[in-house]
>>> print(open('target10.txt').read())   # compact mmCIF, C-alpha atoms
# COMPACT_ATOMS: atom_id res chain seq x y z
CA MET A 1200 130.18 86.95 66.03
CA GLU A 1201 130.50 90.21 67.93
CA SER A 1202 129.89 93.61 66.34
CA ILE A 1203 131.30 96.71 68.01
CA GLU A 1204 129.26 99.89 68.53
CA ASP A 1205 130.16 103.24 70.06
CA ILE A 1206 126.80 103.63 71.79
CA VAL A 1207 123.91 101.19 72.17
CA ILE A 1208 120.51 102.40 73.36
CA VAL A 1209 118.17 99.69 74.61
CA GLY A 1210 114.57 100.71 73.87
CA GLY A 1211 113.04 102.47 70.88
CA GLY A 1212 110.41 104.56 72.62
CA ILE A 1213 110.36 108.31 73.19
CA ALA A 1214 113.45 108.28 75.42
CA GLY A 1215 115.46 106.02 73.10
CA LEU A 1216 114.68 107.75 69.81
CA SER A 1217 115.03 111.28 71.17
CA LEU A 1218 118.40 110.34 72.67
CA ALA A 1219 119.56 108.77 69.39
CA LEU A 1220 118.62 111.96 67.56
CA ALA A 1221 120.27 114.17 70.19
CA LEU A 1222 123.47 112.14 69.85
CA GLN A 1223 123.33 112.44 66.08
CA ARG A 1224 122.99 116.22 66.42
CA VAL A 1225 126.27 116.31 68.37
CA GLY A 1226 128.02 114.03 65.88
CA LEU A 1227 127.69 110.66 67.62
CA ARG A 1228 126.10 107.56 66.13
CA ALA A 1229 124.02 105.24 68.29
CA LEU A 1230 122.37 101.91 67.59
CA VAL A 1231 118.84 101.58 69.02
CA LEU A 1232 117.67 98.10 69.95
CA GLU A 1233 113.88 97.74 69.94
CA SER A 1234 112.34 94.43 71.02
CA TYR A 1235 109.16 94.96 68.99
CA ASP A 1236 109.09 94.50 65.22
CA THR A 1237 107.89 98.08 64.67
CA LEU A 1238 107.60 101.41 66.48
CA ARG A 1239 105.49 101.05 69.61
CA VAL A 1240 102.57 103.49 69.70
CA THR A 1241 100.83 102.21 72.83
CA GLY A 1242 99.47 105.11 74.87
CA ALA A 1243 97.96 107.12 71.99
CA ALA A 1244 99.05 110.60 73.17
CA PHE A 1245 100.62 112.54 76.01
CA THR A 1246 100.77 116.10 77.33
CA THR A 1247 103.79 118.03 76.12
CA TRP A 1248 104.65 120.98 78.35
CA THR A 1249 106.93 123.98 77.86
CA ASN A 1250 109.99 122.09 79.08
CA ALA A 1251 109.41 119.35 76.50
CA TRP A 1252 109.05 121.88 73.67
CA LYS A 1253 112.40 123.36 74.59
CA ALA A 1254 113.91 119.89 74.25
CA LEU A 1255 112.09 119.25 70.96
CA ASP A 1256 113.32 122.58 69.62
CA ALA A 1257 116.86 121.61 70.61
CA LEU A 1258 116.35 118.40 68.60
CA GLY A 1259 115.11 120.42 65.63
CA VAL A 1260 111.63 118.84 65.39
CA GLY A 1261 109.49 121.24 67.43
CA HIS A 1262 108.19 123.27 64.50
CA SER A 1263 106.73 120.36 62.53
CA LEU A 1264 105.03 118.92 65.63
CA ARG A 1265 103.46 122.25 66.52
CA GLU A 1266 101.83 122.43 63.10
CA SER A 1267 99.80 119.27 63.71
CA HIS A 1268 98.81 119.76 67.37
CA THR A 1269 96.56 122.36 69.02
CA ARG A 1270 98.04 124.67 71.64
CA LEU A 1271 95.97 124.53 74.82
CA SER A 1272 95.06 127.82 76.49
CA GLY A 1273 94.25 126.62 80.00
CA LEU A 1274 92.80 124.08 82.41
CA ILE A 1275 89.32 123.74 83.91
CA ALA A 1276 88.89 121.48 86.95
CA THR A 1277 85.44 120.15 87.84
CA SER A 1278 84.03 118.15 90.74
CA THR A 1279 82.03 115.18 89.45
CA GLU A 1280 80.22 114.93 92.78
CA ALA A 1281 78.81 118.46 92.77
CA GLY A 1282 78.94 118.89 89.00
CA GLN A 1283 80.58 122.27 89.55
CA GLN A 1284 83.80 123.89 88.39
CA THR A 1285 86.40 124.09 91.16
CA ALA A 1286 89.28 125.86 89.43
CA GLU A 1287 90.30 127.51 86.17
CA LEU A 1288 93.86 128.21 85.18
CA SER A 1289 95.21 130.11 82.19
CA TYR A 1290 98.45 128.77 80.77
CA GLY A 1291 99.43 132.24 79.58
CA GLU A 1292 102.79 132.03 77.84
CA ASN A 1293 103.27 128.41 78.94
CA GLU A 1294 103.07 126.01 76.02
CA LEU A 1295 101.02 122.83 76.32
CA ARG A 1296 99.87 120.54 73.54
CA CYS A 1297 98.63 116.97 73.53
CA VAL A 1298 100.94 115.19 71.09
CA LYS A 1299 100.08 111.92 69.39
CA ARG A 1300 102.69 109.33 70.33
CA GLU A 1301 102.75 107.82 66.86
CA VAL A 1302 103.39 111.20 65.24
CA LEU A 1303 106.27 111.98 67.61
CA LEU A 1304 107.95 108.58 67.18
CA GLU A 1305 107.64 108.73 63.40
CA THR A 1306 109.00 112.29 63.37
CA LEU A 1307 112.03 111.27 65.43
CA ALA A 1308 112.61 108.11 63.38
CA LYS A 1309 112.54 110.01 60.07
CA GLU A 1310 115.36 112.24 61.29
CA LEU A 1311 117.61 109.24 61.99
CA PRO A 1312 119.75 107.32 59.48
CA SER A 1313 117.92 104.25 58.16
CA ASN A 1314 120.15 101.76 60.00
CA THR A 1315 119.84 103.39 63.43
CA ILE A 1316 116.92 101.29 64.75
CA ARG A 1317 117.24 97.53 64.90
CA PHE A 1318 113.81 95.98 65.44
CA SER A 1319 113.03 92.55 66.93
CA SER A 1320 116.16 92.88 69.05
CA LYS A 1321 115.50 91.87 72.64
CA VAL A 1322 118.37 92.03 75.11
CA VAL A 1323 118.37 88.98 77.39
CA SER A 1324 121.58 89.53 79.33
CA ILE A 1325 124.44 91.98 79.87
CA GLU A 1326 128.04 91.01 80.45
CA ILE A 1327 131.22 92.91 81.31
CA SER A 1328 134.14 92.39 78.90
CA GLY A 1329 137.07 94.55 79.93
CA PHE A 1330 136.14 98.18 79.26
CA PHE A 1331 133.31 97.09 76.95
CA LYS A 1332 129.82 95.78 77.70
CA LEU A 1333 128.49 92.72 75.88
CA LEU A 1334 124.79 92.48 75.04
CA HIS A 1335 123.36 89.04 74.38
CA LEU A 1336 120.22 89.19 72.24
CA ALA A 1337 117.34 86.74 72.02
CA ASP A 1338 118.33 85.79 68.45
CA GLY A 1339 121.74 84.61 69.67
CA SER A 1340 123.72 87.58 68.39
CA ILE A 1341 126.16 89.51 70.58
CA LEU A 1342 126.92 93.24 70.53
CA LYS A 1343 129.94 94.92 72.09
CA THR A 1344 129.58 98.58 73.02
CA LYS A 1345 131.60 101.41 74.53
CA VAL A 1346 128.50 102.98 76.08
CA LEU A 1347 125.27 101.25 77.12
CA ILE A 1348 122.16 103.32 77.81
CA GLY A 1349 118.90 101.84 79.06
CA CYS A 1350 115.81 103.58 77.71
CA ASP A 1351 113.78 100.39 78.01
CA GLY A 1352 110.96 101.56 80.26
CA VAL A 1353 109.62 100.46 83.62
CA ASN A 1354 110.81 96.86 83.19
CA SER A 1355 114.31 97.92 82.15
CA ILE A 1356 116.88 95.13 81.99
CA VAL A 1357 119.62 97.77 82.13
CA ALA A 1358 118.19 99.25 85.35
CA GLN A 1359 118.10 95.76 86.85
CA PHE A 1360 121.76 95.30 85.88
CA LEU A 1361 122.53 98.50 87.80
CA GLY A 1362 120.79 97.07 90.86
CA PHE A 1363 117.42 98.83 90.67
CA LYS A 1364 114.30 96.98 91.72
CA LYS A 1365 111.19 96.85 89.58
CA PRO A 1366 109.07 100.01 90.03
CA SER A 1367 106.42 99.89 92.76
CA PHE A 1368 102.72 99.52 92.02
CA THR A 1369 100.85 102.56 93.38
CA ASN A 1370 97.50 100.75 93.74
CA ARG A 1371 96.16 102.85 90.88
CA LEU A 1372 95.13 101.89 87.37
CA ALA A 1373 94.81 104.10 84.31
CA ILE A 1374 92.53 103.59 81.34
CA ARG A 1375 93.50 105.62 78.30
CA GLY A 1376 91.68 106.22 75.05
CA TYR A 1377 91.92 108.13 71.80
CA VAL A 1378 89.11 109.12 69.44
CA ASP A 1379 89.14 110.78 66.04
CA PHE A 1380 85.76 112.27 65.18
CA LYS A 1381 86.82 112.89 61.54
CA GLU A 1382 85.21 116.34 61.87
CA ASN A 1383 85.47 119.22 64.33
CA HIS A 1384 84.83 117.87 67.84
CA GLY A 1385 83.56 121.21 69.16
CA PHE A 1386 85.76 121.35 72.29
CA ASP A 1387 87.67 124.47 73.24
CA SER A 1388 91.45 124.28 73.37
CA LYS A 1389 91.49 123.51 77.09
CA PHE A 1390 92.50 120.65 79.35
CA LEU A 1391 89.31 119.47 81.07
CA GLN A 1392 90.00 117.70 84.36
CA PHE A 1393 87.40 115.93 86.49
CA MET A 1394 87.69 114.62 90.05
CA GLY A 1395 85.36 112.94 92.52
CA ASN A 1396 84.51 109.71 94.36
CA GLY A 1397 88.12 108.54 94.25
CA LYS A 1398 88.31 108.91 90.46
CA ARG A 1399 90.22 111.34 88.27
CA TYR A 1400 89.97 111.75 84.53
CA GLY A 1401 90.69 114.23 81.77
CA ILE A 1402 89.66 115.21 78.25
CA ILE A 1403 92.40 116.78 76.13
CA PRO A 1404 92.12 117.87 72.46
CA CYS A 1405 95.05 116.87 70.25
CA ASP A 1406 93.84 118.83 67.24
CA ALA A 1407 90.54 119.98 65.72
CA THR A 1408 89.18 116.44 65.23
CA SER A 1409 90.88 114.13 67.75
CA ILE A 1410 90.81 113.84 71.55
CA TYR A 1411 92.90 111.94 74.06
CA TRP A 1412 91.36 110.96 77.39
CA PHE A 1413 92.44 109.18 80.56
CA PHE A 1414 90.73 107.77 83.64
CA THR A 1415 92.53 106.78 86.87
CA TRP A 1416 91.25 105.09 90.01
CA SER A 1417 92.33 102.87 92.89
CA PRO A 1418 90.62 99.46 92.69
CA PRO A 1419 90.36 97.17 95.75
CA HIS A 1420 92.81 94.98 93.86
CA GLU A 1421 94.13 94.81 90.31
CA ASP A 1422 90.96 93.87 88.45
CA GLU A 1423 92.18 91.48 85.77
CA GLU A 1424 88.73 91.27 84.18
CA ILE A 1425 88.67 94.99 83.42
CA LYS A 1426 92.33 95.12 82.41
CA GLU A 1427 91.98 92.39 79.81
CA SER A 1428 88.77 93.62 78.20
CA PRO A 1429 88.62 97.01 76.40
CA THR A 1430 84.84 96.63 76.23
CA LYS A 1431 84.63 96.35 80.03
CA MET A 1432 87.06 99.26 80.40
CA LYS A 1433 84.79 101.45 78.31
CA GLU A 1434 81.72 100.36 80.23
CA PHE A 1435 83.47 100.97 83.56
CA VAL A 1436 84.47 104.52 82.59
CA LEU A 1437 81.00 105.39 81.32
CA ASN A 1438 79.46 104.19 84.59
CA ASN A 1439 81.82 106.29 86.71
CA LEU A 1440 81.91 109.70 85.03
CA GLY A 1441 79.70 111.34 87.65
CA LYS A 1442 77.83 114.60 87.04
CA VAL A 1443 79.16 115.86 83.73
CA GLN A 1444 77.80 117.16 80.44
CA ASP A 1445 76.66 114.73 77.77
CA LYS A 1446 79.44 115.84 75.41
CA ILE A 1447 81.96 114.37 77.86
CA LYS A 1448 80.14 111.05 77.78
CA ASP A 1449 80.04 111.24 73.97
CA VAL A 1450 83.85 111.26 73.84
CA ILE A 1451 83.99 107.91 75.62
CA GLU A 1452 81.03 106.52 73.68
CA ASN A 1453 82.70 107.34 70.36
CA THR A 1454 86.02 105.74 71.30
CA LYS A 1455 86.58 102.43 69.55
CA VAL A 1456 87.52 99.57 71.88
CA LYS A 1457 90.72 98.96 69.88
CA ASP A 1458 91.86 102.43 70.97
CA ILE A 1459 91.40 101.80 74.70
CA ILE A 1460 94.09 100.38 76.99
CA CYS A 1461 94.51 99.85 80.73
CA SER A 1462 97.77 99.79 82.66
CA PRO A 1463 98.93 99.83 86.29
CA LEU A 1464 100.56 103.05 87.49
CA ARG A 1465 104.04 102.47 88.83
CA LEU A 1466 106.82 104.66 90.16
CA ARG A 1467 110.41 104.46 91.27
CA PRO A 1468 110.62 105.25 95.02
CA PRO A 1469 112.55 108.55 95.28
CA TRP A 1470 114.92 107.15 97.89
CA GLU A 1471 116.00 104.42 95.47
CA ILE A 1472 117.13 107.04 92.95
CA MET A 1473 118.79 108.94 95.78
CA TRP A 1474 120.88 106.01 97.03
CA LYS A 1475 121.38 103.84 93.95
CA TYR A 1476 123.88 104.50 91.18
CA VAL A 1477 122.09 105.96 88.15
CA THR A 1478 125.27 105.24 86.22
CA LYS A 1479 128.05 102.72 86.67
CA ASP A 1480 131.22 102.56 84.58
CA ASN A 1481 129.99 103.11 81.01
CA ILE A 1482 126.31 102.30 81.66
CA CYS A 1483 123.40 104.59 82.52
CA ILE A 1484 119.61 104.79 82.27
CA ALA A 1485 117.14 107.45 81.12
CA GLY A 1486 113.41 108.04 80.75
CA ASP A 1487 111.07 105.57 82.47
CA ALA A 1488 113.99 103.24 83.10
CA LEU A 1489 115.34 105.90 85.46
CA HIS A 1490 112.35 107.79 86.84
CA PRO A 1491 109.00 106.09 86.19
CA MET A 1492 106.31 108.30 87.72
CA THR A 1493 102.56 108.62 87.97
CA PRO A 1494 101.01 110.68 85.14
CA ASP A 1495 99.51 113.37 87.40
CA LEU A 1496 101.94 116.10 86.30
CA GLY A 1497 102.03 114.99 82.67
CA GLN A 1498 105.84 114.98 82.88
CA GLY A 1499 106.80 111.38 82.07
CA ALA A 1500 107.57 111.86 78.37
CA CYS A 1501 108.62 115.49 78.95
CA SER A 1502 111.34 114.50 81.40
CA ALA A 1503 112.53 111.74 79.04
CA LEU A 1504 113.05 114.40 76.36
CA GLU A 1505 115.00 116.48 78.88
CA ASP A 1506 117.18 113.44 79.65
CA SER A 1507 118.07 113.05 75.98
CA ILE A 1508 119.39 116.60 75.65
CA VAL A 1509 121.39 116.53 78.88
CA LEU A 1510 122.89 113.09 78.26
CA ALA A 1511 123.90 113.81 74.65
CA ARG A 1512 125.43 117.12 75.67
CA HIS A 1513 127.67 115.38 78.20
CA LEU A 1514 128.57 112.37 76.03
CA ALA A 1515 129.72 114.69 73.24
CA HIS A 1516 132.81 115.31 75.37
CA GLY A 1517 133.57 111.67 76.11
CA VAL A 1518 133.19 109.34 73.12
CA LEU A 1519 135.87 109.20 70.40
CA LYS A 1520 134.18 108.85 67.02
CA GLY A 1521 135.06 106.12 64.56
CA SER A 1522 137.41 104.13 66.78
CA GLU A 1523 136.71 100.49 67.64
CA MET A 1524 139.29 100.65 70.40
CA LEU A 1525 138.41 101.64 73.96
CA ASP A 1526 141.41 102.44 76.12
CA GLU A 1527 141.42 103.48 79.76
CA VAL A 1528 141.60 107.19 78.92
CA GLU A 1529 138.42 107.16 76.82
CA TYR A 1530 136.73 104.81 79.29
CA LYS A 1531 137.38 107.27 82.13
CA LYS A 1532 136.12 110.18 80.02
CA ILE A 1533 132.88 108.32 79.34
CA GLU A 1534 132.52 107.43 83.01
CA THR A 1535 132.98 111.09 83.99
CA CYS A 1536 130.45 112.29 81.41
CA LEU A 1537 127.82 109.82 82.64
CA ARG A 1538 128.40 110.83 86.25
CA LYS A 1539 127.83 114.48 85.33
CA TYR A 1540 124.59 113.49 83.59
CA ALA A 1541 123.46 111.51 86.65
CA LYS A 1542 124.23 114.39 88.98
CA GLU A 1543 122.28 116.80 86.80
CA ARG A 1544 119.22 114.57 86.39
CA LYS A 1545 118.90 112.71 89.68
CA TRP A 1546 117.18 115.46 91.70
CA ARG A 1547 114.92 116.48 88.83
CA GLY A 1548 113.60 112.91 88.71
CA ILE A 1549 113.13 112.77 92.48
CA ASP A 1550 111.24 116.08 92.43
CA LEU A 1551 108.85 115.01 89.65
CA ILE A 1552 108.13 111.59 91.17
CA THR A 1553 107.43 113.05 94.62
CA THR A 1554 105.32 115.99 93.43
CA GLY A 1555 103.37 113.82 91.00
CA TYR A 1556 102.52 111.31 93.70
CA PHE A 1557 101.34 114.10 96.02
CA VAL A 1558 99.20 115.74 93.34
CA GLY A 1559 97.66 112.43 92.31
CA SER A 1560 96.88 111.47 95.89
CA MET A 1561 95.12 114.79 96.49
CA GLN A 1562 93.21 114.83 93.22
CA GLN A 1563 92.04 111.22 93.43
CA THR A 1564 91.32 111.10 97.16
CA SER A 1565 88.12 109.48 98.42
CA TRP A 1566 88.34 110.99 101.93
CA LYS A 1567 85.64 113.57 102.54
CA PHE A 1568 87.78 116.12 104.40
CA THR A 1569 90.63 115.87 101.89
CA ARG A 1570 88.14 116.28 99.05
CA PHE A 1571 86.89 119.47 100.70
CA LEU A 1572 90.44 120.83 100.94
CA ARG A 1573 91.13 119.84 97.34
CA ASP A 1574 88.02 121.50 95.90
CA LYS A 1575 87.74 124.56 98.15
CA VAL A 1576 91.28 125.38 99.28
CA PHE A 1577 94.00 123.76 97.15
CA ALA A 1578 92.37 123.46 93.70
CA THR A 1579 94.25 126.37 92.14
CA PHE A 1580 97.47 125.48 93.98
CA LEU A 1581 97.40 121.90 92.68
CA ALA A 1582 96.72 123.08 89.13
CA GLY A 1583 99.55 125.60 89.45
CA LEU A 1584 102.04 122.86 90.34
CA LEU A 1585 101.76 121.62 86.78
CA LEU A 1586 103.00 124.97 85.47
CA LYS A 1587 105.72 125.19 88.10
CA LYS A 1588 107.24 121.83 87.18
CA ALA A 1589 107.02 122.66 83.47
CA ALA A 1590 109.09 125.83 84.01
CA PHE A 1591 112.36 123.99 83.43
CA ASP A 1592 114.95 124.44 80.73
CA CYS A 1593 117.24 121.51 79.92
CA GLY A 1594 119.45 123.78 77.79
CA GLN A 1595 120.83 123.37 74.31
CA LEU A 1596 122.88 120.52 72.88
CA ASN A 1597 125.97 122.62 72.29
CA ASN A 1598 126.33 123.94 75.85
CA THR A 1599 129.75 123.45 77.37
>>> encode(input="target10.txt", output="structure tokens")
Amino acid sequence: MESIEDIVIVGGGIAGLSLALALQRVGLRALVLESYDTLRVTGAAFTTWTNAWKALDALGVGHSLRESHTRLSGLIATSTEAGQQTAELSYGENELRCVKREVLLETLAKELPSNTIRFSSKVVSIEISGFFKLLHLADGSILKTKVLIGCDGVNSIVAQFLGFKKPSFTNRLAIRGYVDFKENHGFDSKFLQFMGNGKRYGIIPCDATSIYWFFTWSPPHEDEEIKESPTKMKEFVLNNLGKVQDKIKDVIENTKVKDIICSPLRLRPPWEIMWKYVTKDNICIAGDALHPMTPDLGQGACSALEDSIVLARHLAHGVLKGSEMLDEVEYKKIETCLRKYAKERKWRGIDLITTGYFVGSMQQTSWKFTRFLRDKVFATFLAGLLLKKAAFDCGQLNNT
């Protein structure tokens, strides 16, 4: 039996839940389909820049999240080969915090009506049915929707339906960890970044007791042994920290293996976003389904939050509430709204993907001459790019 929905969002991560909340704020109800049986908290934490806080404020959840996360005052970059600081950058009025993924997802979910998220709901195929789209789920049920939005990450089934290829592997892996010391960790409220010997890693306080860290490198090939064993991941990181203070090593040492993950870094080639249709008819994509990028700018989750505000703002002018009918007039309105969203977001995604790839390549380089340029010439410039890309305002939900 088919059930009819105004808007279906595939994926219950940051992009999906923030979009559902944004739509609710403009008076539209959406159903979120999440394939897992609970909220997914993989990834521990992520950097939340000024642009993301503007989006969170537009959603009405910024204040509560600020209360539980430390504001970072600046960045210190260090060469692990020389053991010396190469750059220091003050964030000034720019707002950066390292937000725990679980806290953000729970905050967003609590703001939504109880029946908004449908867990254990995996979409296996998409079908066109007149002006509607039919979603076939793994449990055999079928949903009919006026609007279909893919927020289902790098392996998005909705993006594939639109003709996008799977994101490209960048020949880089990232190990991420999270540790709660249960008492004051003693680190200043700064983003500590380390580079050298083809490795890049960072230590970022979330609050007074917990720290998020990451470690990226380019292996000769995807090392399955390391990827499948958190114990080996931890050992690998400890053996490749370079010349750093013991307190940096202590962060890794104190991280429990259950809180360590490894994942390949993938991105959507910018030219694919440029030439492909981000939206088609009454379907579109957002977040990592649209613009998966390397984490070197810390803008992956931030840009997904931007997407939610922009998309909800446009859809508010296209979807008729409370009607199970979808005539050609409403269909065309929805199509126009989604095209406006795509036009507004396409170049932002291309910019972040391209800049992030450049920054990551420079910061993680193993070439001697490029390392010299990075540490002696471009260190402050590269750090400043993070602030430049965070100086973006997605606007409010009620903009016309």
>>> closest_residue(input="target10.txt", among="A:His1516, A:Arg1375, A:Lys1253, A:His1335", to="A:Cys1501", atoms="all atoms listed in the file")
A:Lys1253
>>> residues_around(input="target10.txt", residues="A:Leu1584", least_positions_apart="4", cutoff="10 Å", atoms="only C-alpha atoms", output="list in words")
Leu1496, Thr1554, Gly1555, Val1558, Thr1579, Phe1580, Lys1588, Ala1589 and Ala1590 of chain A
>>> closest_residue(input="target10.txt", among="A:Val1353, A:Leu1218, A:Leu1466, A:Val1322", to="A:Asn1370", atoms="only C-alpha atoms")
A:Leu1466
>>> atom_distance(input="target10.txt", atom1="atom CA of A:Lys1345", atom2="atom CA of A:Trp1470")
29.3 Å
>>> closest_atom_pairs(input="target10.txt", of="stretch 1416-1506 of chain A", to="stretch 1246-1249 of chain A", cutoff="10 Å", atoms="all atoms listed in the file", output="JSON lines")
{"residue": "A:Pro1494", "atom": "CA", "partner": "A:Thr1246", "partner_atom": "CA", "distance": 9.5}
{"residue": "A:Leu1496", "atom": "CA", "partner": "A:Thr1246", "partner_atom": "CA", "distance": 9.0}
{"residue": "A:Gly1497", "atom": "CA", "partner": "A:Thr1246", "partner_atom": "CA", "distance": 5.6}
{"residue": "A:Gln1498", "atom": "CA", "partner": "A:Thr1246", "partner_atom": "CA", "distance": 7.6}
{"residue": "A:Gly1499", "atom": "CA", "partner": "A:Thr1246", "partner_atom": "CA", "distance": 9.0}
{"residue": "A:Ala1500", "atom": "CA", "partner": "A:Thr1247", "partner_atom": "CA", "distance": 7.6}
{"residue": "A:Cys1501", "atom": "CA", "partner": "A:Thr1247", "partner_atom": "CA", "distance": 6.1}
{"residue": "A:Ser1502", "atom": "CA", "partner": "A:Trp1248", "partner_atom": "CA", "distance": 9.8}
{"residue": "A:Leu1504", "atom": "CA", "partner": "A:Thr1247", "partner_atom": "CA", "distance": 9.9}
>>> write_last_selection(input="target10.txt", atoms="C-alpha atoms", output="PDB file, in the coordinates of the input")
ATOM      1  CA  PRO A1494     101.010 110.680  85.140  1.00  0.00           C
ATOM      2  CA  LEU A1496     101.940 116.100  86.300  1.00  0.00           C
ATOM      3  CA  GLY A1497     102.030 114.990  82.670  1.00  0.00           C
ATOM      4  CA  GLN A1498     105.840 114.980  82.880  1.00  0.00           C
ATOM      5  CA  GLY A1499     106.800 111.380  82.070  1.00  0.00           C
ATOM      6  CA  ALA A1500     107.570 111.860  78.370  1.00  0.00           C
ATOM      7  CA  CYS A1501     108.620 115.490  78.950  1.00  0.00           C
ATOM      8  CA  SER A1502     111.340 114.500  81.400  1.00  0.00           C
ATOM      9  CA  LEU A1504     113.050 114.400  76.360  1.00  0.00           C
TER      10      LEU A1504
END
>>> closest_residue(input="target10.txt", among="A:Cys1461, A:Ser1417, A:Arg1544, A:Leu1372", to="A:Lys1431", atoms="all atoms listed in the file")
A:Cys1461
>>> atom_distance(input="target10.txt", atom1="atom CA of A:Gly1273", atom2="atom CA of A:Asp1406")
15.0 Å
>>> atom_distance(input="target10.txt", atom1="atom CA of A:Phe1413", atom2="atom CA of A:Phe1368")
18.2 Å
>>> residues_around(input="target10.txt", residues="A:Phe1390", least_positions_apart="3", cutoff="8 Å", atoms="only C-alpha atoms", output="number ranges by chain")
A: 1271, 1273-1275, 1401-1404
>>> residues_near_point(input="target10.txt", point="(122.5, 116.4, 78.1)", cutoff="10 Å", atoms="only C-alpha atoms", output="list in words")
Leu1218, Ala1221, Leu1222, Leu1504, Glu1505, Asp1506, Ser1507, Ile1508, Val1509, Leu1510, Ala1511, Arg1512, His1513, Leu1514, Ala1515, Cys1536, Leu1537, Lys1539, Tyr1540, Ala1541, Glu1543, Arg1544, Cys1593, Gly1594, Gln1595, Leu1596, Asn1597 and Asn1598 of chain A
>>> write_last_selection(input="target10.txt", atoms="C-alpha atoms", output="compact mmCIF listing (two decimals), in the coordinates of the input")
# COMPACT_ATOMS: atom_id res chain seq x y z
CA LEU A 1218 118.40 110.34 72.67
CA ALA A 1221 120.27 114.17 70.19
CA LEU A 1222 123.47 112.14 69.85
CA LEU A 1504 113.05 114.40 76.36
CA GLU A 1505 115.00 116.48 78.88
CA ASP A 1506 117.18 113.44 79.65
CA SER A 1507 118.07 113.05 75.98
CA ILE A 1508 119.39 116.60 75.65
CA VAL A 1509 121.39 116.53 78.88
CA LEU A 1510 122.89 113.09 78.26
CA ALA A 1511 123.90 113.81 74.65
CA ARG A 1512 125.43 117.12 75.67
CA HIS A 1513 127.67 115.38 78.20
CA LEU A 1514 128.57 112.37 76.03
CA ALA A 1515 129.72 114.69 73.24
CA CYS A 1536 130.45 112.29 81.41
CA LEU A 1537 127.82 109.82 82.64
CA LYS A 1539 127.83 114.48 85.33
CA TYR A 1540 124.59 113.49 83.59
CA ALA A 1541 123.46 111.51 86.65
CA GLU A 1543 122.28 116.80 86.80
CA ARG A 1544 119.22 114.57 86.39
CA CYS A 1593 117.24 121.51 79.92
CA GLY A 1594 119.45 123.78 77.79
CA GLN A 1595 120.83 123.37 74.31
CA LEU A 1596 122.88 120.52 72.88
CA ASN A 1597 125.97 122.62 72.29
CA ASN A 1598 126.33 123.94 75.85
>>> residues_around(input="target10.txt", residues="stretch 1205-1213 of chain A", least_positions_apart="3", cutoff="6 Å", atoms="only C-alpha atoms", output="list in words")
Leu1216, Ser1217, Ala1229, Leu1230, Val1231, Leu1232, Glu1233, Thr1344, Lys1345, Val1346, Leu1347, Ile1348, Gly1349, Cys1350 and Asp1351 of chain A
>>> residues_near_point(input="target10.txt", point="(96.3, 113.7, 74.8)", cutoff="8 Å", atoms="all atoms listed in the file", output="list in words")
Ala1243, Ala1244, Phe1245, Thr1246, Arg1296, Cys1297, Val1298, Lys1299, Tyr1377, Ile1402, Ile1403, Pro1404, Cys1405, Ile1410, Tyr1411 and Trp1412 of chain A
>>> closest_residue(input="target10.txt", among="A:Leu1585, A:Leu1361, A:Val1323, A:Val1302", to="A:Ala1488", atoms="all atoms listed in the file")
A:Leu1361
>>> residues_around(input="target10.txt", residues="A:Leu1333", least_positions_apart="3", cutoff="9 Å", atoms="all atoms listed in the file", output="PyMOL selection string")
chain A and resi 1201+1324-1328+1341-1344
